[in-house]
Amino acid sequence: MAPQHKRTRIRRLAVGAAAIAASAAVAAGPAVGVGVVRAADPRVPAPTPTAALAGPPPAPGPQKPPAAVPVPGKEVPAFGAFLSSDQRGVARMAQLSRWLGGAELRVGHTYLPGNRWSDIEGDIHFLDAWARWRNEKDDRMLVLNVPLQERNEEGVPDDEVRRLLRRGAAGEFDHHFRALAERLVRLKVPDTVLVLGWEMNGITYTHRCGPDPQSWKKYWNRIVTTMRSVPGQRFRFDFTPSRGRDAVPWTQCYPGDDTVDIIGMDAYDQPAGMSFDQQVKEPYGLQGHVDFAKAHGKPISYPEWGLFRNGDNPEYMRGMLAWFDEHKPLYNTLTDYCPHGVWQCEANPSSSRVYRSALFGRTDETAPAPTPTPTPTPPLLPAGCSPLDLGNWVEYWLGGKLCLRFDWWSRDD
């Protein structure tokens, strides 16, 4: 409770004893001849009436690194990182969150191997660990990249890829994807986001689209139809090419709105010498991706993104983070290993600082609009009153400035 100071009348006050008067005022309360003038905006904020009843305000706590404050009234895009496919990736989610000042990593991202069909069916032990992570919080999201063919990174020639795509379009591989869907439902992750046949517009994977786009699209549609037929599923299917034209324009591989829930893009900082602005404007680039998704009424995503051919490039990092804030993808996951990453890769210190500064302490909650700082107005001093400068803290505890009146001798007893 704030102290109550008594006012006592002083019949004599020596001229020039301002310091003594001020000391007396601090020790025993403001006296006649020493007035308290309250400023509209004191330098140190006075406690509210409710807080004042409980005593003086607590001492300020230790300083923390400033958290990035989202734009008021706008949702913070969900984000995460690829940290490893197996249990190590699960463990590193908590470690990355701590490095980011407790930022909420809502998106876990992993990949099924594409060596054998049993891999694609989900017959791998680490899916259990990711399922447990997903189910620890209701608002988490599990993103799972799914190859469409075995021997997916073995450099299979175009002629054989074409034959495999046609076999898939005819339904020969449906049972593998039904087995995967049933496994995910048993693991209680029926709402997994499935990135089927990612970067299909390139030349790397056996599940590429280029050798036969029509068969690729039919194959995609069979997979989605098969997996949706499994009781209990709530999967979302993410069509994700790599940024730019690559081997074929990715729009030629789009299988149709009925079987696509999300339109993603893997967007790395490449080729060498290409600025972020060029990555936005190039054919089939970042802007083309956003425009295509809008035309089809689909949300966007960025399952893979990160540094690459241009090295430690903080301008790219700033550009991508601003792009996410502007366009609000359903999720984004940074590929966090060298040369792409910022936490597990020490080769990119400048980009690491940008990433950490932008996302430090972020949660999905929006920040309230900041209270405008009022313009300080000087207190109105009574006529015949000379202000005393006692310092900020003394004035704070007194509730305002002290002034020394020079008409004390004319006041009534």
# chains A, B, ... in the order shown; residues from 1 in each chain; ligands from 1
>>> residues_around(residues="range 255-257 of chain A", least_positions_apart="2", cutoff="8 Å", atoms="only C-alpha atoms", output="ChimeraX atom specification")
/A:217-218,220-221,253,259-261,296
>>> residues_around(residues="Ala103 in chain A", least_positions_apart="4", cutoff="8 Å", atoms="only C-alpha atoms", output="JSON, numbers by chain")
{"A": [97, 98, 359, 360, 361, 362, 363]}
>>> select_by_dssp(residues="range 104-341 of chain A", states="strand (DSSP E)", output="PyMOL selection string")
chain A and resi 107-111+141-146+193-196+236-239+262-264+267-268+300-306+332-335
>>> residues_around(residues="Lys137 in chain A", least_positions_apart="5", cutoff="12 Å", atoms="only C-alpha atoms", output="list of chain:residue names")
A:Glu104, A:Leu105, A:Arg106, A:Val107, A:Gly108, A:Ala131, A:Arg132, A:Leu142, A:Val189
>>> write_last_selection(atoms="all heavy atoms", output="short mmCIF file (atom, residue, chain, number, x, y, z; two decimals), in the first residue's frame")
data_model
loop_
_atom_site.label_atom_id
_atom_site.label_comp_id
_atom_site.auth_asym_id
_atom_site.auth_seq_id
_atom_site.Cartn_x
_atom_site.Cartn_y
_atom_site.Cartn_z
N GLU A 104 8.09 -22.01 -31.21
CA GLU A 104 7.24 -23.19 -31.33
C GLU A 104 7.41 -23.81 -32.71
O GLU A 104 6.95 -23.26 -33.72
CB GLU A 104 5.78 -22.80 -31.10
CG GLU A 104 4.83 -23.97 -31.06
CD GLU A 104 3.40 -23.56 -30.76
OE1 GLU A 104 3.15 -22.34 -30.68
OE2 GLU A 104 2.57 -24.45 -30.62
N LEU A 105 8.07 -24.96 -32.75
CA LEU A 105 8.24 -25.70 -34.00
C LEU A 105 7.06 -26.65 -34.15
O LEU A 105 7.02 -27.73 -33.58
CB LEU A 105 9.56 -26.48 -33.99
CG LEU A 105 10.83 -25.67 -33.73
CD1 LEU A 105 12.05 -26.57 -33.79
CD2 LEU A 105 10.96 -24.55 -34.75
N ARG A 106 6.10 -26.23 -34.94
CA ARG A 106 4.88 -27.02 -35.08
C ARG A 106 4.97 -28.08 -36.16
O ARG A 106 4.11 -28.95 -36.24
CB ARG A 106 3.70 -26.09 -35.40
CG ARG A 106 3.25 -25.22 -34.23
CD ARG A 106 2.04 -24.39 -34.63
NE ARG A 106 1.06 -25.21 -35.30
CZ ARG A 106 0.34 -24.80 -36.34
NH1 ARG A 106 0.51 -23.60 -36.85
NH2 ARG A 106 -0.55 -25.61 -36.89
N VAL A 107 6.00 -28.01 -37.00
CA VAL A 107 6.07 -28.90 -38.16
C VAL A 107 7.27 -29.83 -38.04
O VAL A 107 8.41 -29.37 -37.96
CB VAL A 107 6.16 -28.10 -39.47
CG1 VAL A 107 6.01 -29.03 -40.67
CG2 VAL A 107 5.12 -26.98 -39.52
N GLY A 108 7.01 -31.12 -38.03
CA GLY A 108 8.06 -32.12 -38.10
C GLY A 108 8.10 -32.71 -39.50
O GLY A 108 7.06 -33.03 -40.08
N ALA A 131 5.52 -40.28 -34.99
CA ALA A 131 4.10 -40.31 -34.62
C ALA A 131 3.91 -39.87 -33.17
O ALA A 131 2.98 -39.13 -32.84
CB ALA A 131 3.53 -41.70 -34.85
N ARG A 132 4.79 -40.35 -32.28
CA ARG A 132 4.69 -39.91 -30.87
C ARG A 132 4.89 -38.41 -30.76
O ARG A 132 4.18 -37.73 -30.00
CB ARG A 132 5.71 -40.66 -30.02
CG ARG A 132 5.37 -42.13 -29.78
CD ARG A 132 6.24 -42.74 -28.70
NE ARG A 132 7.64 -42.78 -29.09
CZ ARG A 132 8.21 -43.78 -29.75
NH1 ARG A 132 7.49 -44.82 -30.12
NH2 ARG A 132 9.50 -43.75 -30.04
N LEU A 142 2.72 -33.35 -39.02
CA LEU A 142 3.76 -34.25 -39.52
C LEU A 142 3.74 -34.23 -41.03
O LEU A 142 2.69 -34.47 -41.65
CB LEU A 142 3.53 -35.67 -39.01
CG LEU A 142 4.54 -36.73 -39.51
CD1 LEU A 142 5.96 -36.37 -39.10
CD2 LEU A 142 4.15 -38.12 -39.01
N VAL A 189 -1.62 -41.18 -36.77
CA VAL A 189 -1.28 -39.95 -37.48
C VAL A 189 -2.01 -39.94 -38.82
O VAL A 189 -1.40 -39.84 -39.89
CB VAL A 189 0.25 -39.80 -37.67
CG1 VAL A 189 0.92 -39.36 -36.40
CG2 VAL A 189 0.88 -41.10 -38.19
#
>>> select_by_dssp(residues="range 84-272 of chain A", states="helix (DSSP H, G or I)", output="number ranges by chain")
A: 87-99, 117-120, 126-135, 158-169, 174-186, 213-228, 250-253, 257-259
>>> closest_residue(among="A:Pro349, A:Gly197, A:Val185, A:Thr226", to="Gly171 in chain A", atoms="only C-alpha atoms")
A:Thr226
>>> closest_residue(among="A:Val156, A:Val280, A:Val143, A:Ala94", to="Tyr111 in chain A", atoms="only C-alpha atoms")
A:Val143
>>> residues_around(residues="Gly244 in chain A", least_positions_apart="3", cutoff="8 Å", atoms="only C-alpha atoms", output="ChimeraX atom specification")
/A:249,279,282-285
>>> write_last_selection(atoms="N, CA, C and O atoms", output="compact mmCIF listing (two decimals), in the first residue's frame")
# COMPACT_ATOMS: atom_id res chain seq x y z
N PRO A 249 8.42 -27.96 -67.33
CA PRO A 249 7.59 -27.07 -66.52
C PRO A 249 6.71 -27.88 -65.57
O PRO A 249 6.01 -28.81 -66.00
N GLN A 279 14.63 -14.97 -58.33
CA GLN A 279 13.97 -16.22 -57.98
C GLN A 279 12.46 -16.03 -57.86
O GLN A 279 11.69 -16.95 -58.13
N GLU A 282 11.34 -15.34 -61.94
CA GLU A 282 11.66 -16.27 -63.03
C GLU A 282 10.44 -17.10 -63.42
O GLU A 282 9.51 -17.29 -62.61
N PRO A 283 10.38 -17.62 -64.65
CA PRO A 283 9.28 -18.51 -65.02
C PRO A 283 9.20 -19.71 -64.08
O PRO A 283 10.21 -20.32 -63.75
N TYR A 284 8.01 -20.00 -63.61
CA TYR A 284 7.75 -21.10 -62.68
C TYR A 284 8.48 -20.90 -61.34
O TYR A 284 8.80 -21.86 -60.64
N GLY A 285 8.72 -19.64 -61.01
CA GLY A 285 9.41 -19.30 -59.78
C GLY A 285 8.44 -19.06 -58.63
O GLY A 285 7.28 -19.51 -58.64
>>> residues_around(residues="Tyr205 in chain A", least_positions_apart="3", cutoff="9 Å", atoms="only C-alpha atoms", output="PyMOL selection string")
chain A and resi 147+149+151-156+197-200+202+208
>>> write_last_selection(atoms="C-alpha atoms", output="CSV table (one decimal), in the first residue's frame")
chain,number,residue,atom,x,y,z
A,147,PRO,CA,8.8,-41.8,-53.0
A,149,GLN,CA,9.1,-45.8,-57.0
A,151,ARG,CA,15.4,-47.6,-56.4
A,152,ASN,CA,14.4,-43.9,-56.3
A,153,GLU,CA,17.9,-42.4,-56.4
A,154,GLU,CA,19.7,-45.0,-58.5
A,155,GLY,CA,19.8,-43.1,-61.8
A,156,VAL,CA,17.2,-45.2,-63.6
A,197,GLY,CA,6.9,-37.7,-55.7
A,198,TRP,CA,8.5,-34.4,-54.8
A,199,GLU,CA,10.6,-32.5,-57.3
A,200,MET,CA,9.0,-34.5,-60.1
A,202,GLY,CA,13.7,-32.6,-62.2
A,208,ARG,CA,10.2,-38.0,-62.0
>>> atom_distance(atom1="CA of Pro339 in chain A", atom2="CA of Ala272 in chain A")
13.4 Å
>>> closest_residue(among="A:Thr333, A:Gln252, A:Ser351, A:Ser357", to="Leu83 in chain A", atoms="only C-alpha atoms")
A:Thr333
>>> closest_residue(among="A:Ala129, A:Leu100, A:Ala358, A:Met227", to="Ala179 in chain A", atoms="only C-alpha atoms")
A:Met227
